[in-house]
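coords-v1.txt follows (compact mmCIF, C-alpha atoms):
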# COMPACT_ATOMS: atom_id res chain seq x y z
CA MET Q 20 69.05 75.31 136.25
CA ASP Q 21 66.19 74.21 138.49
CA SER Q 22 65.13 70.59 138.77
CA GLN Q 23 62.07 71.06 136.52
CA THR Q 24 64.27 72.50 133.76
CA ASP Q 25 66.71 69.65 134.26
CA LEU Q 26 63.85 67.15 133.95
CA ARG Q 27 62.59 68.81 130.75
CA GLU Q 28 66.08 68.74 129.26
CA ALA Q 29 66.43 65.06 130.20
CA VAL Q 30 63.09 64.27 128.52
CA LYS Q 31 64.17 66.16 125.38
CA ARG Q 32 67.46 64.25 125.23
CA ASN Q 33 65.67 60.93 125.63
CA LEU Q 34 63.25 61.87 122.85
CA VAL Q 35 66.19 62.54 120.55
CA ALA Q 36 67.62 59.12 121.38
CA ASP Q 37 64.17 57.52 120.92
CA VAL Q 38 63.79 59.07 117.45
CA ALA Q 39 67.33 58.15 116.39
CA ARG Q 40 66.88 54.53 117.49
CA SER Q 41 63.31 54.02 116.31
CA PHE Q 42 63.24 56.00 113.07
CA GLY Q 43 66.91 55.97 112.00
CA GLN Q 44 67.41 59.70 111.56
CA VAL Q 45 67.42 62.77 113.78
CA ARG Q 46 68.48 66.42 113.58
CA LEU Q 47 70.14 68.42 116.35
CA LYS Q 48 71.36 71.97 116.78
CA VAL Q 49 74.89 72.35 118.12
CA THR Q 50 75.87 74.79 120.84
CA GLY Q 51 79.38 73.63 121.79
CA THR Q 52 82.82 74.28 120.29
CA SER Q 53 84.63 70.97 120.74
CA MET Q 54 84.28 70.10 117.03
CA LEU Q 55 85.66 73.34 115.63
CA PRO Q 56 86.52 73.93 112.83
CA SER Q 57 84.28 71.17 111.35
CA VAL Q 58 81.14 71.93 113.34
CA TRP Q 59 80.20 75.39 114.58
CA PRO Q 60 77.75 76.56 117.23
CA GLY Q 61 74.40 76.95 115.50
CA ASP Q 62 75.04 74.18 112.97
CA ILE Q 63 72.35 71.54 112.56
CA LEU Q 64 73.58 67.95 112.45
CA THR Q 65 71.71 65.28 110.54
CA VAL Q 66 72.43 61.91 112.11
CA SER Q 67 71.67 58.56 110.49
CA LYS Q 68 71.55 55.34 112.45
CA ARG Q 69 74.62 53.12 111.99
CA SER Q 70 75.94 50.08 113.78
CA ALA Q 71 79.46 50.24 115.23
CA ALA Q 72 80.65 47.86 112.49
CA GLU Q 73 79.50 50.29 109.77
CA LEU Q 74 81.38 53.27 111.21
CA LEU Q 75 84.80 54.24 109.92
CA PRO Q 76 87.57 56.39 111.41
CA GLY Q 77 87.23 59.99 110.25
CA GLN Q 78 83.44 59.99 110.50
CA ILE Q 79 81.64 62.04 113.14
CA VAL Q 80 79.49 59.89 115.39
CA LEU Q 81 76.70 60.80 117.78
CA CYS Q 82 76.85 58.97 121.11
CA PHE Q 83 74.52 59.07 124.10
CA ARG Q 84 75.88 58.22 127.52
CA ASN Q 85 74.78 59.20 131.02
CA GLN Q 86 72.03 61.38 129.52
CA GLU Q 87 74.56 63.45 127.57
CA PHE Q 88 75.26 63.63 123.84
CA VAL Q 89 78.69 63.59 122.32
CA ALA Q 90 79.17 64.22 118.60
CA HIS Q 91 82.87 63.65 118.04
CA ARG Q 92 85.09 62.19 115.35
CA LEU Q 93 85.80 58.47 115.39
CA THR Q 94 89.56 57.95 115.61
CA GLY Q 95 89.68 54.18 116.04
CA LYS Q 96 88.26 51.04 117.57
CA ILE Q 97 89.55 48.83 120.36
CA GLY Q 98 87.64 45.56 120.32
CA ASP Q 99 83.98 46.53 120.45
CA ARG Q 100 84.74 49.99 121.89
CA LEU Q 101 84.85 53.16 119.80
CA ILE Q 102 87.49 55.83 120.37
CA THR Q 103 86.39 59.38 119.65
CA ARG Q 104 87.76 62.86 120.03
CA GLY Q 105 86.54 66.41 119.47
CA ASP Q 106 88.46 68.06 116.63
CA SER Q 107 89.58 70.96 118.84
CA LEU Q 108 90.32 68.81 121.90
CA ASP Q 109 93.72 67.41 122.88
CA HIS Q 110 92.42 64.21 124.46
CA ASP Q 111 90.23 61.24 123.52
CA ASP Q 112 86.83 60.62 125.12
CA SER Q 113 86.29 57.57 127.30
CA PRO Q 114 85.62 54.74 124.82
CA PHE Q 115 81.99 54.26 123.82
CA ARG Q 116 80.17 50.94 123.83
CA GLU Q 117 78.16 49.93 120.76
CA ASP Q 118 74.86 50.47 122.57
CA GLU Q 119 75.87 54.08 123.24
CA ILE Q 120 76.22 54.86 119.52
CA LEU Q 121 73.21 56.55 117.93
CA GLY Q 122 74.64 57.02 114.45
CA GLN Q 123 76.83 58.93 112.02
CA VAL Q 124 76.65 62.66 111.31
CA VAL Q 125 76.01 62.44 107.57
CA PHE Q 126 75.89 66.16 106.92
CA VAL Q 127 75.94 69.53 108.61
CA LEU Q 128 73.51 72.32 107.80
CA ARG Q 129 75.06 75.78 108.20
CA ASP Q 130 73.22 78.97 107.23
CA GLY Q 131 71.03 76.88 104.92
CA ARG Q 132 74.01 75.24 103.19
CA ARG Q 133 74.79 71.55 103.35
CA ILE Q 134 78.36 70.90 104.53
CA ASP Q 135 80.28 67.64 104.22
CA PRO Q 136 81.87 66.96 107.63
CA SER Q 137 84.70 64.80 106.19
CA PRO Q 138 88.21 65.87 107.25
CA SER Q 139 90.57 67.56 104.77
CA TRP Q 140 94.23 68.76 104.85
CA TRP Q 141 93.30 72.29 105.92
CA HIS Q 142 91.03 70.82 108.56
CA SER Q 143 93.91 68.80 110.03
CA ALA Q 144 96.11 71.90 110.11
CA ALA Q 145 93.37 73.96 111.79
CA CYS Q 146 92.77 71.22 114.37
CA TRP Q 147 96.49 71.15 115.17
CA ILE Q 148 96.38 74.87 116.01
CA LEU Q 149 93.05 74.78 117.87
CA ARG Q 150 94.17 71.90 120.09
CA ARG Q 151 97.13 73.94 121.27
CA SER Q 152 95.51 77.29 121.88
CA GLU Q 153 92.28 78.26 123.60
CA LEU Q 154 92.89 81.78 122.30
CA SER Q 155 92.72 80.53 118.71
CA VAL Q 156 89.28 79.01 119.43
CA ARG Q 157 88.06 82.34 120.79
CA LEU Q 158 89.52 84.24 117.85
CA LEU Q 159 87.91 81.86 115.38
CA LEU Q 160 84.52 82.30 117.05
CA ALA Q 161 84.90 86.09 117.08
CA VAL Q 162 85.80 86.16 113.38
CA ARG Q 163 82.90 83.90 112.54
CA ARG Q 164 80.54 86.09 114.58
CA LEU Q 165 81.69 89.19 112.74
CA TRP Q 166 81.42 87.45 109.41
CA ALA Q 167 77.97 86.08 110.04
CA ASN Q 168 76.93 89.35 111.72
CA LYS Q 169 74.77 87.55 114.19
CA GLU Q 170 74.90 85.90 117.57
CA LEU Q 171 75.66 82.23 117.12
CA ARG Q 172 74.36 80.88 120.37
CA ASP Q 173 70.88 82.32 120.33
CA PRO Q 174 68.34 79.54 120.86
CA HIS Q 175 65.32 79.96 118.67
CA SER Q 176 61.85 79.02 119.69
CA LEU Q 177 58.46 79.91 118.35
CA PRO Q 178 55.47 79.78 120.66
CA ILE Q 179 52.39 79.11 118.56
CA GLN Q 180 49.64 79.26 121.15
CA THR Q 181 49.22 78.52 124.80
CA ALA Q 182 48.38 74.87 124.27
CA VAL Q 183 51.30 73.96 122.03
CA THR Q 184 54.86 75.13 122.07
CA VAL Q 185 56.98 74.38 119.05
CA ALA Q 186 60.73 74.58 118.94
CA GLU Q 187 63.24 73.85 116.25
CA GLN Q 188 65.64 70.97 116.66
CA PRO Q 189 66.76 70.38 120.24
CA GLU Q 190 70.18 71.70 121.12
CA ILE Q 191 73.20 69.71 122.20
CA ILE Q 192 76.48 70.84 123.60
CA ILE Q 193 79.34 68.98 121.94
CA MET A 11 28.34 69.21 111.79
CA ASN A 12 30.29 66.09 110.83
CA PRO A 13 32.22 64.42 113.62
CA ILE A 14 36.01 64.74 113.60
CA TYR A 15 38.19 61.75 114.39
CA VAL A 16 41.79 62.19 115.47
CA ALA A 17 44.67 59.74 115.61
CA ARG A 18 48.23 60.19 116.79
CA SER A 19 50.83 59.97 114.05
CA SER A 20 53.00 56.87 114.15
CA GLU A 21 56.02 58.97 113.12
CA VAL A 22 56.60 60.62 116.47
CA ALA A 23 58.22 59.85 119.79
CA ALA A 24 56.40 61.15 122.85
CA ARG A 25 57.09 61.30 126.57
CA MET A 26 55.05 62.64 129.46
CA LEU A 27 56.41 64.98 132.11
CA GLY A 28 53.83 65.67 134.76
CA GLY A 29 50.73 66.74 132.84
CA GLU A 30 52.77 67.96 129.90
CA THR A 31 53.52 65.87 126.81
CA MET A 32 56.71 66.39 124.83
CA ILE A 33 56.61 65.11 121.29
CA MET A 34 59.33 64.90 118.68
CA SER A 35 58.47 64.54 115.02
CA ALA A 36 60.57 61.89 113.28
CA ARG A 37 60.07 63.77 110.03
CA ASP A 38 62.09 66.87 110.93
CA SER A 39 63.01 66.44 114.63
CA THR A 40 60.83 69.38 115.64
CA LEU A 41 59.90 69.37 119.31
CA PHE A 42 56.38 70.06 120.51
CA SER A 43 55.27 70.65 124.05
CA LEU A 44 51.60 70.19 124.87
CA ASN A 45 50.05 71.61 128.02
CA GLU A 46 47.81 69.53 130.27
CA THR A 47 44.60 70.04 128.29
CA ALA A 48 46.21 69.48 124.91
CA SER A 49 47.95 66.40 126.36
CA ALA A 50 44.62 64.94 127.45
CA ILE A 51 43.25 65.33 123.92
CA TRP A 52 46.46 63.90 122.45
CA GLN A 53 46.32 60.88 124.74
CA ALA A 54 42.68 60.23 123.86
CA ALA A 55 43.25 60.53 120.09
CA ASP A 56 42.75 56.84 119.36
CA GLY A 57 41.33 57.24 115.86
CA HIS A 58 37.83 56.04 116.61
CA THR A 59 36.52 58.31 119.37
CA PRO A 60 34.93 61.51 117.99
CA LEU A 61 36.67 64.71 119.05
CA SER A 62 33.43 66.00 120.59
CA GLU A 63 33.35 62.97 122.90
CA ILE A 64 37.03 63.42 123.79
CA VAL A 65 36.42 67.08 124.63
CA ALA A 66 33.36 66.28 126.72
CA ARG A 67 35.25 63.60 128.63
CA THR A 68 38.64 65.28 129.08
CA VAL A 69 38.04 69.04 128.96
CA CYS A 70 34.43 69.79 129.93
CA ALA A 71 34.49 67.26 132.76
CA GLU A 72 37.60 68.90 134.24
CA TYR A 73 37.13 72.60 133.51
CA ASP A 74 34.28 75.07 133.82
CA VAL A 75 33.92 75.72 130.11
CA GLU A 76 31.08 75.67 127.60
CA THR A 77 31.10 72.58 125.38
CA GLU A 78 30.77 74.66 122.20
CA GLU A 79 33.71 76.89 123.11
CA ALA A 80 35.89 73.95 124.23
CA LEU A 81 35.16 72.08 121.02
CA GLN A 82 36.06 75.11 118.91
CA HIS A 83 39.44 75.45 120.68
CA ALA A 84 40.02 71.70 120.42
CA GLU A 85 39.36 71.79 116.67
CA GLU A 86 41.87 74.61 116.25
CA LEU A 87 44.36 72.59 118.26
CA VAL A 88 43.98 69.34 116.33
CA ARG A 89 44.15 71.16 112.98
CA GLU A 90 47.37 72.84 114.12
CA LEU A 91 48.85 69.52 115.22
CA ALA A 92 47.71 67.90 111.96
CA SER A 93 49.37 70.65 109.92
CA ARG A 94 52.57 69.85 111.82
CA GLY A 95 52.26 66.16 110.97
CA ILE A 96 51.99 64.81 114.48
CA LEU A 97 48.25 64.10 114.43
CA ARG A 98 45.88 62.87 111.73
CA ILE A 99 42.31 64.05 111.37
CA SER A 100 39.43 62.61 109.39
CA ASP A 101 35.65 62.76 109.19
CA GLN A 102 35.65 58.95 109.34
CA PRO A 103 37.02 56.68 112.08
CA PHE A 104 40.51 55.42 111.31
CA THR A 105 40.56 51.74 110.52
CA GLU A 106 43.87 50.98 112.21
CA GLN A 107 44.29 51.35 115.97
CA ALA A 108 46.32 54.38 117.10
CA GLN A 109 49.61 53.46 118.83
Using structure tokens, write down the structure that the file contains.
Amino acid sequence: MDSQTDLREAVKRNLVADVARSFGQVRLKVTGTSMLPSVWPGDILTVSKRSAAELLPGQIVLCFRNQEFVAHRLTGKIGDRLITRGDSLDHDDSPFREDEILGQVVFVLRDGRRIDPSPSWWHSAACWILRRSELSVRLLLAVRRLWANKELRDPHSLPIQTAVTVAEQPEIII
Amino acid sequence: MNPIYVARSSEVAARMLGGETMIMSARDSTLFSLNETASAIWQAADGHTPLSEIVARTVCAEYDVETEEALQHAEELVRELASRGILRISDQPFTEQAQ
């Protein structure tokens, strides 16, 4: 990516953080795979502002640190720090400070359906497998792609006219 | 023709990048990117300056374009932005000051 593209991406990310902090709710499109099987590439996350004290283990939280977003599951708290981990990852993230928390992922929109991101027994079993095998992640994505019969990572934008460009929700890699 | 007044919505976050303005709607998190000319109109949309005056000051003063034509394009632009909820338009000045 060139520096202008980098700058534009940085501005977009800061706008997302601005909206989350100022208006209490923001929507983002996911492109990463670290939250499989709960969150898939192409899913749209709806995030509501929460303080660290309001967040509970098991919830997915959106954090913003060093100009990067992380939407991972809260696994615990140490003092005023939050411990998070991607569902398909085998290691925790560096703890997040309260001021790096933007909110809780309250629901996931997938193919027009509203999905509850709360963990379940099958989810725990799937995570166990995904954490141990990169191949299983690839297989899962391939199956999903076949099932959905479409490319999951296609960004979608809709130029309206030369003066204004409109895009759907900004994308984040999780 | 009645004057048109335009005011920026308070339910957006906006940041400038060079001459471009990037705006995110708080309503649905849609991102908008305005080019330099559209940005100038957006920045001047204070709710009490008529659009014709904004166009004369920001577009006609900078570009070699007929006032009538520039105003027509500007009206299309502000109606588009209004339909997207990031700008408000009225035939009366807005009473509150735009942010």
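With atom CA of Leu101 of chain Q on one side and atom CA of Phe42 of chain Q on the other, the separation reads 22.8 Å.
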Find the residues in chain A near chain Q: any atom within 9 Å counts, using all atoms listed in the file. Write them as a PyMOL selection string.
chain A and resi 21-27+32-49+87+90-91
So that I can see what lies close to Ser70 of chain Q, please list as a list in words the residues with an atom at most 10 Å from it, counting all atoms listed in the file and leaving out residues fewer than 6 positions away in the same chain.
Glu117, Asp118, Ile120, Leu121, Gly122 and Gln123 of chain Q
Would you list the contacts of Trp59 of chain Q as an NGL selection string, taking every protein, DNA or RNA residue within 12 Å and counting only C-alpha atoms, but skipping same-chain residues closer than 2 positions in sequence?
:Q and (48-57 or 61-64 or 90 or 106-107 or 127-130 or 134 or 136 or 156 or 159-161 or 163-164 or 167 or 171-172 or 191-193)
Save the residues we just selected, C-alpha atoms, as a compact mmCIF listing (two decimals), in the frame of the given file?
# COMPACT_ATOMS: atom_id res chain seq x y z
CA LYS Q 48 71.36 71.97 116.78
CA VAL Q 49 74.89 72.35 118.12
CA THR Q 50 75.87 74.79 120.84
CA GLY Q 51 79.38 73.63 121.79
CA THR Q 52 82.82 74.28 120.29
CA SER Q 53 84.63 70.97 120.74
CA MET Q 54 84.28 70.10 117.03
CA LEU Q 55 85.66 73.34 115.63
CA PRO Q 56 86.52 73.93 112.83
CA SER Q 57 84.28 71.17 111.35
CA GLY Q 61 74.40 76.95 115.50
CA ASP Q 62 75.04 74.18 112.97
CA ILE Q 63 72.35 71.54 112.56
CA LEU Q 64 73.58 67.95 112.45
CA ALA Q 90 79.17 64.22 118.60
CA ASP Q 106 88.46 68.06 116.63
CA SER Q 107 89.58 70.96 118.84
CA VAL Q 127 75.94 69.53 108.61
CA LEU Q 128 73.51 72.32 107.80
CA ARG Q 129 75.06 75.78 108.20
CA ASP Q 130 73.22 78.97 107.23
CA ILE Q 134 78.36 70.90 104.53
CA PRO Q 136 81.87 66.96 107.63
CA VAL Q 156 89.28 79.01 119.43
CA LEU Q 159 87.91 81.86 115.38
CA LEU Q 160 84.52 82.30 117.05
CA ALA Q 161 84.90 86.09 117.08
CA ARG Q 163 82.90 83.90 112.54
CA ARG Q 164 80.54 86.09 114.58
CA ALA Q 167 77.97 86.08 110.04
CA LEU Q 171 75.66 82.23 117.12
CA ARG Q 172 74.36 80.88 120.37
CA ILE Q 191 73.20 69.71 122.20
CA ILE Q 192 76.48 70.84 123.60
CA ILE Q 193 79.34 68.98 121.94
Env of segment 94-99 of chain Q: 9 Å cut, atoms = only C-alpha atoms, seq-sep filter 5 positions within chain, self excluded. Answer as an mmCIF file with C-alpha atoms, in the frame of the given file.
data_model
loop_
_atom_site.group_PDB
_atom_site.id
_atom_site.type_symbol
_atom_site.label_atom_id
_atom_site.label_comp_id
_atom_site.auth_asym_id
_atom_site.auth_seq_id
_atom_site.Cartn_x
_atom_site.Cartn_y
_atom_site.Cartn_z
ATOM 1 C CA ALA Q 71 79.460 50.240 115.230
ATOM 2 C CA ALA Q 72 80.650 47.860 112.490
ATOM 3 C CA LEU Q 75 84.800 54.240 109.920
ATOM 4 C CA PRO Q 76 87.570 56.390 111.410
ATOM 5 C CA GLY Q 77 87.230 59.990 110.250
ATOM 6 C CA GLN Q 78 83.440 59.990 110.500
ATOM 7 C CA ARG Q 104 87.760 62.860 120.030
ATOM 8 C CA ASP Q 111 90.230 61.240 123.520
ATOM 9 C CA PRO Q 114 85.620 54.740 124.820
ATOM 10 C CA PHE Q 115 81.990 54.260 123.820
ATOM 11 C CA ARG Q 116 80.170 50.940 123.830
ATOM 12 C CA GLU Q 117 78.160 49.930 120.760
#
In the coordinates of the file, take the point (32.9, 72.3, 120.4) and a cut-off of 12 Å; then, counting all atoms listed in the file, name each qualifying protein, DNA or RNA residue as a PyMOL selection string.
chain A and resi 11-14+60-66+69-70+75-87
Env of segment 95-98 of chain A: 6 Å cut, atoms = only C-alpha atoms, seq-sep filter 3 positions within chain, self excluded. Answer as a CSV table (one decimal) with C-alpha atoms, in the frame of the given file.
chain,number,residue,atom,x,y,z
A,16,VAL,CA,41.8,62.2,115.5
A,17,ALA,CA,44.7,59.7,115.6
A,18,ARG,CA,48.2,60.2,116.8
A,19,SER,CA,50.8,60.0,114.0
A,91,LEU,CA,48.8,69.5,115.2
A,92,ALA,CA,47.7,67.9,112.0
Edge lengths and centre in Å to one decimal, as lines of an AutoDock Vina configuration file, is what I'm after for the box along x, y and z that holds all listed atoms of segment 11-23 of chain A once 6 Å is added on each side.
center_x = 43.3
center_y = 63.0
center_z = 115.3
size_x = 41.9
size_y = 24.3
size_z = 21.0
Report, in Å with one decimal, the straight-line distance from atom CA of Ala29 of chain Q to atom CA of Leu108 of chain Q.
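Atom CA of Leu108 of chain Q lies at a distance of 25.6 Å from atom CA of Ala29 of chain Q.
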Can you measure atom CA of Lys68 of chain Q to atom CA of Phe83 of chain Q for me? One decimal in Å is fine.
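Distance between the two atoms: 12.6 Å.
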Write out as a list of chain:residue names which residues come within 9 Å of Asp112 of chain Q when counting all atoms listed in the file, dropping same-chain ones fewer than 5 positions away.
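Answer for this query is Q:His91, Q:Ile102, Q:Thr103, Q:Arg104, Q:Gly105.
Distances here use all atoms listed in the file; by that measure, the residue among Q:His110, Q:Arg32, Q:His142, Q:Thr24 closest to Phe88 of chain Q is Q:Arg32.
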Pick from Q:Val125, Q:Val162, Q:Asp109, Q:Arg132 nearest to Arg150 of chain Q, counting all atoms listed in the file
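Residue with the minimum atom-to-atom distance to Arg150 of chain Q: Q:Asp109.
Residue nearest Ser137 of chain Q within the list Q:Val89, Q:Ser22, Q:Arg84, Q:Val124: Q:Val124 [criterion: smallest interatomic distance, all atoms listed in the file].
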